[in-house]
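S.K.: One file is attached below, entry-v9.tsv, containing TSV, C-alpha atoms and all ligand atoms.
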chain	number	residue	atom	x	y	z
A	89	MET	CA	13.54	18.36	20.75
A	90	ASN	CA	11.94	15.36	22.45
A	91	GLN	CA	9.25	13.26	20.80
A	92	GLU	CA	6.36	14.64	22.86
A	93	THR	CA	7.27	18.27	22.04
A	94	LEU	CA	7.64	17.35	18.37
A	95	LYS	CA	4.22	15.68	18.35
A	96	GLN	CA	2.61	18.73	20.01
A	97	GLN	CA	4.20	21.12	17.52
A	98	ILE	CA	3.09	18.97	14.57
A	99	LYS	CA	-0.50	18.86	15.83
A	100	GLN	CA	-0.56	22.63	16.42
A	101	LEU	CA	0.91	23.47	13.03
A	102	ALA	CA	-1.36	20.97	11.25
A	103	ALA	CA	-4.38	22.69	12.82
A	104	GLU	CA	-3.09	26.15	11.82
A	105	LYS	CA	-2.49	25.02	8.23
A	106	ASN	CA	-5.76	23.08	7.99
A	107	ALA	CA	-3.76	19.93	7.21
A	108	LEU	CA	-4.81	16.29	7.36
A	109	LEU	CA	-2.06	13.91	8.51
A	110	ILE	CA	-2.33	10.58	6.72
A	111	ALA	CA	-0.07	7.58	7.43
A	112	HIS	CA	0.24	4.19	5.78
A	113	ASN	CA	0.06	1.11	7.99
A	114	TYR	CA	3.82	0.48	7.48
A	115	GLU	CA	4.99	3.83	8.86
A	116	ARG	CA	6.98	4.12	12.09
A	117	ASP	CA	4.89	3.75	15.27
A	118	GLU	CA	5.22	7.42	16.26
A	119	ILE	CA	4.09	8.55	12.80
A	120	GLN	CA	1.00	6.34	12.93
A	121	GLU	CA	0.36	7.67	16.44
A	122	ILE	CA	0.16	11.33	15.33
A	123	ALA	CA	-1.79	10.63	12.13
A	124	ASP	CA	-5.45	11.66	11.80
A	125	VAL	CA	-5.98	8.65	9.56
A	126	THR	CA	-4.01	5.43	9.08
A	127	GLY	CA	-4.87	2.83	6.50
A	128	ASP	CA	-4.04	0.76	3.46
A	129	SER	CA	-3.49	2.20	0.01
A	130	LEU	CA	-7.20	2.08	-0.90
A	131	ALA	CA	-8.46	3.66	2.32
A	132	LEU	CA	-5.88	6.44	2.10
A	133	SER	CA	-6.77	7.25	-1.52
A	134	ILE	CA	-10.43	7.51	-0.54
A	135	GLU	CA	-9.59	9.70	2.45
A	136	ALA	CA	-7.45	12.01	0.30
A	137	ALA	CA	-10.28	12.37	-2.21
A	138	LYS	CA	-12.97	13.17	0.32
A	139	THR	CA	-11.27	15.34	2.96
A	140	ASP	CA	-12.29	19.00	3.13
A	141	LYS	CA	-8.85	19.94	4.52
A	142	GLN	CA	-6.75	22.07	2.21
A	143	VAL	CA	-3.42	20.33	2.87
A	144	ILE	CA	-2.67	16.60	2.89
A	145	VAL	CA	0.53	15.48	4.62
A	146	PHE	CA	1.09	12.01	3.21
A	147	CYS	CA	3.35	9.89	5.40
A	148	GLY	CA	3.98	7.05	3.01
A	149	VAL	CA	5.82	6.62	-0.27
A	150	HIS	CA	5.82	8.69	-3.45
A	151	PHE	CA	3.14	6.85	-5.47
A	152	MET	CA	0.66	7.25	-2.59
A	153	ALA	CA	1.12	11.02	-2.40
A	154	GLU	CA	0.90	11.12	-6.18
A	155	SER	CA	-2.45	9.27	-6.05
A	156	ALA	CA	-3.69	11.92	-3.61
A	157	ALA	CA	-2.50	14.68	-5.97
A	158	ILE	CA	-4.28	12.96	-8.89
A	159	LEU	CA	-7.56	12.64	-6.99
A	160	ALA	CA	-7.47	16.03	-5.26
A	161	PRO	CA	-5.65	18.51	-7.55
A	162	GLU	CA	-7.06	21.53	-5.73
A	163	LYS	CA	-5.26	20.49	-2.52
A	164	THR	CA	-1.64	20.84	-1.50
A	165	VAL	CA	-0.14	17.35	-1.11
A	166	LEU	CA	3.06	17.12	0.92
A	167	LEU	CA	5.34	14.06	1.10
A	168	PRO	CA	7.57	14.67	4.15
A	169	ARG	CA	10.43	12.66	2.60
A	170	ALA	CA	10.87	13.28	-1.12
A	171	ASP	CA	13.21	10.26	-1.27
A	172	ALA	CA	10.58	7.80	0.00
A	173	GLY	CA	9.94	5.79	-3.15
A	174	CYS	CA	8.72	2.30	-3.95
A	175	PRO	CA	11.18	0.05	-5.80
A	176	MET	CA	8.27	-2.02	-7.17
A	177	ALA	CA	6.65	1.08	-8.68
A	178	ASP	CA	10.02	1.92	-10.30
A	179	MET	CA	10.13	-1.49	-12.05
A	180	VAL	CA	7.68	-0.35	-14.74
A	181	THR	CA	7.80	2.71	-16.99
A	182	ALA	CA	5.11	4.18	-19.22
A	183	GLU	CA	7.29	3.42	-22.25
A	184	GLY	CA	7.73	-0.22	-21.23
A	185	LEU	CA	4.00	-0.58	-20.65
A	186	ARG	CA	3.20	0.98	-24.04
A	187	GLU	CA	5.43	-1.67	-25.70
A	188	LEU	CA	3.62	-4.50	-23.88
A	189	LYS	CA	0.24	-3.01	-24.81
A	190	GLN	CA	1.27	-3.05	-28.47
A	191	GLN	CA	1.95	-6.79	-28.19
A	192	HIS	CA	-1.50	-7.38	-26.62
A	193	PRO	CA	-3.88	-4.81	-28.13
A	194	ASP	CA	-6.93	-6.83	-27.02
A	195	ALA	CA	-5.97	-6.84	-23.32
A	196	THR	CA	-7.19	-4.59	-20.50
A	197	VAL	CA	-4.40	-3.10	-18.37
A	198	VAL	CA	-5.02	-3.56	-14.64
A	199	THR	CA	-2.38	-1.64	-12.72
A	200	TYR	CA	-1.61	-1.91	-9.03
A	201	VAL	CA	-1.64	1.50	-7.34
A	202	ASN	CA	2.04	0.89	-6.54
A	203	SER	CA	2.96	2.61	-9.81
A	204	SER	CA	3.79	6.09	-11.09
A	205	ALA	CA	1.20	8.54	-12.42
A	206	ASP	CA	2.71	8.06	-15.91
A	207	VAL	CA	2.04	4.32	-15.74
A	208	LYS	CA	-1.48	4.83	-14.35
A	209	ALA	CA	-2.16	7.17	-17.27
A	210	GLU	CA	-1.38	4.25	-19.64
A	211	SER	CA	-3.71	1.92	-17.72
A	212	ASP	CA	-7.40	1.08	-18.07
A	213	ILE	CA	-8.09	0.56	-14.39
A	214	CYS	CA	-6.12	0.50	-11.13
A	215	CYS	CA	-6.43	-1.88	-8.19
A	216	THR	CA	-5.07	-2.20	-4.67
A	217	SER	CA	-4.48	-5.33	-2.63
A	218	SER	CA	-7.94	-4.92	-1.07
A	219	ASN	CA	-9.96	-4.83	-4.31
A	220	ALA	CA	-7.75	-6.61	-6.88
A	221	ILE	CA	-10.08	-9.60	-7.34
A	222	SER	CA	-13.25	-7.47	-7.69
A	223	VAL	CA	-11.48	-5.15	-10.12
A	224	ALA	CA	-10.25	-8.07	-12.27
A	225	ARG	CA	-13.77	-9.57	-12.31
A	226	SER	CA	-15.34	-6.21	-13.18
A	227	VAL	CA	-13.32	-5.94	-16.38
A	228	GLU	CA	-15.20	-7.08	-19.49
A	229	SER	CA	-12.28	-8.27	-21.58
A	230	LYS	CA	-11.06	-11.88	-21.24
A	231	LYS	CA	-7.40	-10.87	-21.34
A	232	LEU	CA	-5.64	-8.85	-18.61
A	233	LEU	CA	-2.21	-7.26	-18.42
A	234	LEU	CA	-1.41	-7.24	-14.69
A	235	VAL	CA	1.15	-4.58	-13.83
A	236	PRO	CA	3.67	-4.31	-12.09
A	237	ASP	CA	3.54	-6.94	-9.31
A	238	ARG	CA	4.00	-10.51	-10.56
A	239	ASN	CA	2.99	-11.93	-7.15
A	240	LEU	CA	-0.25	-9.96	-6.90
A	241	GLY	CA	-0.78	-10.79	-10.59
A	242	ARG	CA	-0.45	-14.54	-10.01
A	243	TYR	CA	-2.74	-14.29	-6.99
A	244	ILE	CA	-5.39	-12.53	-9.12
A	245	ALA	CA	-4.98	-15.16	-11.87
A	246	SER	CA	-5.52	-17.98	-9.34
A	247	ARG	CA	-8.78	-16.36	-8.14
A	248	VAL	CA	-10.10	-15.29	-11.53
A	249	PRO	CA	-9.34	-18.38	-13.69
A	250	GLU	CA	-11.78	-17.30	-16.40
A	251	LYS	CA	-9.33	-14.56	-17.50
A	252	GLU	CA	-6.13	-14.95	-19.49
A	253	CYS	CA	-3.45	-13.06	-17.54
A	254	ILE	CA	-0.14	-11.62	-18.69
A	255	PHE	CA	2.22	-10.51	-15.93
A	256	TRP	CA	4.71	-7.70	-15.61
A	257	GLU	CA	7.66	-9.22	-13.71
A	258	GLY	CA	7.93	-6.61	-10.95
A	259	PHE	CA	7.95	-7.40	-7.25
A	260	CYS	CA	8.25	-5.89	-3.80
A	261	PRO	CA	11.84	-6.42	-2.59
A	262	THR	CA	10.59	-6.56	1.01
A	263	HIS	CA	7.78	-9.13	0.67
A	264	ASP	CA	9.75	-11.15	-1.88
A	265	GLN	CA	12.40	-12.01	0.69
A	266	LEU	CA	10.05	-14.00	2.88
A	267	THR	CA	10.69	-17.73	2.28
A	268	ALA	CA	8.42	-20.77	2.68
A	269	GLU	CA	11.02	-22.14	5.11
A	270	ASP	CA	10.63	-19.04	7.32
A	271	VAL	CA	6.88	-19.55	7.42
A	272	LYS	CA	6.98	-23.33	7.91
A	273	LYS	CA	9.45	-22.98	10.78
A	274	THR	CA	7.36	-20.28	12.48
A	275	LYS	CA	4.21	-22.37	12.03
A	276	ALA	CA	6.00	-25.39	13.57
A	277	ASP	CA	7.09	-23.22	16.54
A	278	HIS	CA	3.52	-21.88	16.96
A	279	PRO	CA	1.14	-24.65	15.86
A	280	ASP	CA	-1.85	-22.84	17.39
A	281	SER	CA	-1.40	-19.74	15.19
A	282	LEU	CA	-3.06	-18.55	11.97
A	283	PHE	CA	-0.95	-17.20	9.12
A	284	MET	CA	-2.10	-13.98	7.37
A	285	ALA	CA	-0.25	-13.05	4.18
A	286	HIS	CA	-0.18	-10.02	1.91
A	287	PRO	CA	-0.63	-10.81	-1.82
A	288	GLU	CA	2.75	-9.18	-2.54
A	289	CYS	CA	4.32	-12.36	-1.06
A	290	LEU	CA	5.57	-15.18	-3.32
A	291	PRO	CA	2.96	-17.77	-4.51
A	292	GLU	CA	4.48	-20.52	-2.34
A	293	ILE	CA	3.95	-18.28	0.72
A	294	LEU	CA	0.33	-17.59	-0.23
A	295	GLU	CA	-0.26	-21.35	-0.46
A	296	LEU	CA	0.63	-21.59	3.23
A	297	ALA	CA	-1.72	-18.76	4.28
A	298	ASP	CA	-4.94	-19.12	6.26
A	299	HIS	CA	-5.96	-15.69	4.99
A	300	ILE	CA	-4.67	-13.50	2.13
A	301	CYS	CA	-5.50	-9.81	2.35
A	302	SER	CA	-4.36	-6.19	2.32
A	303	THR	CA	-2.89	-4.58	5.43
A	304	SER	CA	-6.32	-3.29	6.53
A	305	GLY	CA	-7.77	-6.74	5.88
A	306	MET	CA	-5.33	-8.05	8.49
A	307	TYR	CA	-6.76	-5.74	11.19
A	308	GLU	CA	-10.27	-6.99	10.40
A	309	TYR	CA	-9.23	-10.65	10.31
A	310	ALA	CA	-7.25	-10.51	13.57
A	311	ALA	CA	-10.07	-8.68	15.38
A	312	LYS	CA	-12.83	-11.05	14.22
A	313	SER	CA	-10.98	-14.35	14.53
A	314	PRO	CA	-11.31	-16.31	17.78
A	315	ALA	CA	-7.62	-17.32	17.42
A	316	LYS	CA	-5.12	-15.81	19.86
A	317	LYS	CA	-1.93	-16.04	17.80
A	318	PHE	CA	-1.17	-14.79	14.32
A	319	ILE	CA	1.87	-15.04	12.07
A	320	VAL	CA	2.09	-11.81	10.10
A	321	GLY	CA	3.16	-12.04	6.46
A	322	THR	CA	3.71	-8.39	5.70
A	323	GLU	CA	5.82	-5.34	6.63
A	324	ASN	CA	6.42	-5.02	10.36
A	325	GLY	CA	4.91	-1.50	10.72
A	326	ILE	CA	1.53	-3.21	10.85
A	327	LEU	CA	2.32	-4.56	14.32
A	328	TRP	CA	1.69	-1.23	16.10
A	329	ARG	CA	-2.05	-1.11	15.41
A	330	LEU	CA	-2.52	-4.90	15.51
A	331	LYS	CA	-1.17	-4.91	19.08
A	332	GLN	CA	-3.11	-1.79	20.10
A	333	GLU	CA	-6.42	-3.13	18.83
A	334	ASN	CA	-5.90	-6.69	20.09
A	335	PRO	CA	-4.07	-6.47	23.42
A	336	ASP	CA	-5.05	-10.05	24.31
A	337	LYS	CA	-3.58	-11.50	21.09
A	338	GLU	CA	-0.05	-12.32	20.00
A	339	PHE	CA	1.49	-11.34	16.65
A	340	ILE	CA	4.60	-13.06	15.39
A	341	MET	CA	6.86	-11.97	12.51
A	342	PRO	CA	8.13	-15.00	10.55
A	343	SER	CA	11.34	-13.20	9.46
A	344	ASN	CA	13.46	-10.12	10.21
A	345	CYS	CA	13.43	-9.20	6.51
A	346	LEU	CA	9.92	-7.72	6.52
A	347	VAL	CA	11.01	-4.08	6.80
A	348	CYS	CA	10.46	-1.59	3.96
A	349	PRO	CA	13.33	0.94	4.19
A	350	ASN	CA	11.32	3.55	2.31
A	351	MET	CA	8.39	3.37	4.69
A	352	LYS	CA	10.77	3.86	7.61
A	353	LEU	CA	12.36	7.05	6.24
A	354	THR	CA	9.74	9.47	7.57
A	355	ARG	CA	10.43	10.73	11.09
A	356	LEU	CA	8.60	13.27	13.24
A	357	GLU	CA	11.24	15.90	12.37
A	358	ASP	CA	10.42	15.46	8.67
A	359	VAL	CA	6.69	15.91	9.28
A	360	LEU	CA	7.29	19.09	11.27
A	361	HIS	CA	9.73	20.44	8.69
A	362	CYS	CA	7.33	19.86	5.79
A	363	LEU	CA	4.53	21.64	7.63
A	364	GLU	CA	6.85	24.58	8.37
A	365	THR	CA	8.12	24.91	4.80
A	366	MET	CA	5.09	23.44	2.93
A	367	GLU	CA	7.64	21.39	0.97
A	368	PRO	CA	8.15	18.95	-0.72
A	369	GLN	CA	4.91	19.26	-2.66
A	370	ILE	CA	3.79	16.50	-5.00
A	371	THR	CA	2.14	17.56	-8.23
A	372	VAL	CA	1.24	15.76	-11.45
A	373	ALA	CA	1.19	17.32	-14.95
A	374	GLU	CA	-2.45	17.97	-15.90
A	375	ASP	CA	-2.53	15.80	-19.08
A	376	ILE	CA	-1.15	12.81	-17.14
A	377	ARG	CA	-3.31	13.51	-14.10
A	378	VAL	CA	-6.56	13.47	-16.06
A	379	LYS	CA	-5.75	10.10	-17.68
A	380	ALA	CA	-4.47	8.57	-14.44
A	381	LYS	CA	-7.59	9.77	-12.61
A	382	LEU	CA	-9.81	7.85	-15.02
A	383	ALA	CA	-8.03	4.60	-14.04
A	384	LEU	CA	-8.24	5.46	-10.32
A	385	ASP	CA	-11.92	6.51	-10.53
A	386	LYS	CA	-12.83	3.20	-12.16
A	387	MET	CA	-11.03	1.42	-9.34
A	388	LEU	CA	-12.88	3.45	-6.68
A	389	ALA	CA	-16.19	2.40	-8.21
A	390	ALA	CA	-15.34	-1.31	-7.69
A	391	PRO	CA	-16.28	-2.99	-4.39
A	392	ARG	CA	-13.71	-4.30	-1.88
A	393	ASP	CA	-12.85	-8.02	-2.20
B	1	LIG	P1	-1.77	-2.11	1.13
B	1	LIG	O1	-1.62	-1.16	2.23
B	1	LIG	O2	-2.74	-1.63	0.13
B	1	LIG	O3	-2.08	-3.49	1.60
B	1	LIG	O4	-0.38	-2.16	0.31
B	1	LIG	C1	0.80	-2.58	0.79
B	1	LIG	C2	1.96	-1.92	0.21
B	1	LIG	O5	2.97	-2.49	-0.07
B	1	LIG	C3	1.95	-0.52	0.01
B	1	LIG	O6	3.14	-0.17	-0.47
B	2	LIG	FE1	6.95	-0.72	-2.22
B	2	LIG	FE2	7.17	-3.06	-0.98
B	2	LIG	FE3	7.76	-0.86	0.34
B	2	LIG	FE4	5.21	-1.39	-0.32
B	2	LIG	S1	6.51	-2.54	1.09
B	2	LIG	S2	6.28	0.58	-0.52
B	2	LIG	S3	5.52	-2.42	-2.30
B	2	LIG	S4	8.83	-1.64	-1.46
Just dump the structure as C-alpha cells.
M.R.:
Amino acid sequence: MNQETLKQQIKQLAAEKNALLIAHNYERDEIQEIADVTGDSLALSIEAAKTDKQVIVFCGVHFMAESAAILAPEKTVLLPRADAGCPMADMVTAEGLRELKQQHPDATVVTYVNSSADVKAESDICCTSSNAISVARSVESKKLLLVPDRNLGRYIASRVPEKECIFWEGFCPTHDQLTAEDVKKTKADHPDSLFMAHPECLPEILELADHICSTSGMYEYAAKSPAKKFIVGTENGILWRLKQENPDKEFIMPSNCLVCPNMKLTRLEDVLHCLETMEPQITVAEDIRVKAKLALDKMLAAPRD
C-alpha cells in the first residue's frame, strides 16, 4: 500500500473509532503529518487529559502513552509500537529510587516525565523540559532529588542555586552523544547562526547555547527570532515542523548522532494496524496510577518556564 492510501485509511479509521492521533516532535515526518496534534511531552500530556475522544493513539515512546493512561484512565490508550521505549526512563527503577529516598528522607523527589509509572508513583512531583525550572522553584523543600536525567538535573541546579540538588545518573543516549567539538565546528562553519539546545544535552553543550528549551520551545524561539540560521541541539525529527513553519530560515544539525531509534520505530503501517486491532493498549495498575497521577497533577499546576 502506498503512503497516501495508508494515510487515508488511518484518517478514516481514526474517525470511525473516535480516536485522537497524537505524535511527539521526534516522530517520523509522515507520522507528524497525519497527527491531529504534535507537541512536546508536556503539551501531549495536557492534550491527552483534555480530549473528549475515546481513543488516544500515542505515536511516541512507552512512558508518554503511560502518562496518557495515568491522566485519562477512562480512555483507551494505544501505543502503535509496543517496543518503543526510552532507555533513559529504563535507567531508574522504583526500588532504586526508594533506596535513594531512604538516604535523603528530607528531600523532595522531582522526576522527569521520561520515567515509568512505577517511578512516578514514588515521586513527589514530575516535570518536563518545558517546566523543570518552575517546578523546582515551586517545591518548598530546600533539597531536591532530581531523577533520572543527570543533564536536566544539572541544568535545573544551575538555574535554581538556592536548592541543594542530588542527581540520579541517568541520561539520554541520543542527546549525550553530541560533543562540544561538534557544536564548535558547526558554529565556526555558520558564524551567523544561533544555537538552540535541549536540556538533555551535556552541560558543556548547554554552555555553548544561545537558548535552552524543550522541543516546543524551539519552535517558538525559531519563529520569533530575527535570525535566519539555527543550529539544532536535539533529535532530528524536530526539523520537519521547524522547516514547515519557517520556510525562509535554515536549520542545521551539528551531528548525525541526533537520532532516537525508539522514536523512529513507528511507521504508518503500525498506526493503521493498531487502529484495526485496538492493540497494543497501555494500562497502569490502579494503585500505581493514582499515586503517579498525584505527581503529574502537581506538575500540570506549575507554569511553563
Ligand atoms: P520534550 O519533547 O518534552 O522536549 O522531551 C524530549 C524528549 O526526549 C522526549 O523523549
Ligand atoms: Fe528517551 Fe532520548 Fe529517545 Fe527522548 S530522545 S525518548 S530521552 S532516548
S.K.: Please determine, counting all atoms listed in the file, which residue among A:Lys379, A:Arg116, A:Lys251, A:Lys312 has the shortest atom-to-atom distance to A:Ile213.
M.R.: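 Checking each candidate against A:Ile213, we get A:Lys379 as the closest.
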S.K.: Quick one: 5 Å padding each side, axis-aligned, all listed atoms of ligand LIG 2 (chain B) - centre and edge lengths in Å to one decimal, as JSON?
M.R.:
{"center_x": 7.0, "center_y": -1.2, "center_z": -0.6, "size_x": 13.6, "size_y": 13.6, "size_z": 13.4}
S.K.: Just want the residues within 9 Å of ligand LIG 2 (chain B), written as a short mmCIF file (atom, residue, chain, number, x, y, z; two decimals) with C-alpha atoms, in the frame of the given file, counting all atoms listed in the file.
M.R.:
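Result written to selection_9.cif:
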data_model
loop_
_atom_site.label_atom_id
_atom_site.label_comp_id
_atom_site.auth_asym_id
_atom_site.auth_seq_id
_atom_site.Cartn_x
_atom_site.Cartn_y
_atom_site.Cartn_z
CA TYR A 114 3.82 0.48 7.48
CA GLY A 148 3.98 7.05 3.01
CA VAL A 149 5.82 6.62 -0.27
CA HIS A 150 5.82 8.69 -3.45
CA PHE A 151 3.14 6.85 -5.47
CA MET A 152 0.66 7.25 -2.59
CA ALA A 172 10.58 7.80 0.00
CA GLY A 173 9.94 5.79 -3.15
CA CYS A 174 8.72 2.30 -3.95
CA PRO A 175 11.18 0.05 -5.80
CA MET A 176 8.27 -2.02 -7.17
CA ALA A 177 6.65 1.08 -8.68
CA ASN A 202 2.04 0.89 -6.54
CA ASP A 237 3.54 -6.94 -9.31
CA PHE A 259 7.95 -7.40 -7.25
CA CYS A 260 8.25 -5.89 -3.80
CA PRO A 261 11.84 -6.42 -2.59
CA THR A 262 10.59 -6.56 1.01
CA HIS A 263 7.78 -9.13 0.67
CA ASP A 264 9.75 -11.15 -1.88
CA GLU A 288 2.75 -9.18 -2.54
CA THR A 322 3.71 -8.39 5.70
CA GLU A 323 5.82 -5.34 6.63
CA LEU A 346 9.92 -7.72 6.52
CA VAL A 347 11.01 -4.08 6.80
CA CYS A 348 10.46 -1.59 3.96
CA PRO A 349 13.33 0.94 4.19
CA ASN A 350 11.32 3.55 2.31
CA MET A 351 8.39 3.37 4.69
#
S.K.: Closest to A:His361 among A:Ala209, A:Leu94, A:Leu108, A:Leu234, using only C-alpha atoms?
M.R.: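 Of all the options, A:Leu94 lies closest to A:His361.
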S.K.: Throw together the list of residues within 7 Å of ligand LIG 1 (chain B), counting all atoms listed in the file, and drop it here as a list in words.
M.R.: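 I would give the residues around ligand LIG 1 (chain B) as His112, Asn113, Gly127, Asp128, Ser129, Leu130, Asn202, Thr216, Ser217, Ser218, His286, Ser302, Thr303 and Ser304 of chain A.
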S.K.: Rank A:Cys253, A:Ile244, A:Met89, A:Ile340 by their smallest atom-to-atom distance to A:Asp277, using all atoms listed in the file, and report the top residue only.
M.R.: A:Ile340
S.K.: Nearest residue to A:Leu132 out of A:Leu185, A:Ala389, A:Ala156, A:Val145, using all atoms listed in the file?
M.R.: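 Looking at the shortest contact to A:Leu132, the residue is A:Ala156.
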S.K.: Rank nothing, just name the residue among A:Thr181, A:Asn90, A:Gln142, A:Gln191 nearest to A:Glu104, using all atoms listed in the file.
M.R.: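 So, comparing all the options, the nearest one is A:Gln142.
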S.K.: Please report the interatomic distance between atom CA of A:Ala311 and atom CA of A:Phe283 in Å with one decimal.
M.R.: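 Going from atom CA of A:Ala311 over to atom CA of A:Phe283, I get 14.0 Å.
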S.K.: Would you mind listing what lies within 7 Å of A:Ser281 as a list in words, with all atoms listed in the file counted and same-chain residues fewer than 6 positions away left out?
M.R.: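 Surrounding residues, per the criterion: Lys275, Lys317, Phe318 and Ile319 of chain A.
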S.K.: As a VMD selection string, please: the residues near A:Ala380 (cut-off 8 Å, all atoms listed in the file, same-chain neighbours under 2 positions excluded).
M.R.: chain A and resid 158 205 to 211 376 to 378 382 to 384
S.K.: For A:Val320, which of A:Ala103, A:Met284, A:Cys301, A:Val165 is the closest residue, counting all atoms listed in the file?
M.R.: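 Under the stated criterion, the closest residue is A:Met284.
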S.K.: Name all residues at most 8 Å from A:Thr196 (count all atoms listed in the file; drop same-chain ones fewer than 5 positions away) and give them as a list in words.
M.R.: Ser211, Asp212, Val227, Ser229, Lys231, Leu232 and Leu233 of chain A
S.K.: For the atom pair atom CA of A:Asn344 and atom CA of A:His278, what is the interatomic distance in Å to one decimal place?
M.R.: 16.8 Å
S.K.: For A:Ser222, list every protein, DNA or RNA residue within 7 Å, evaluated using only C-alpha atoms, and leave out those in the same chain fewer than 4 positions away; present the list as a list in words.
M.R.: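 The filter keeps Ser226, Ala390, Pro391, Arg392 and Asp393 of chain A.
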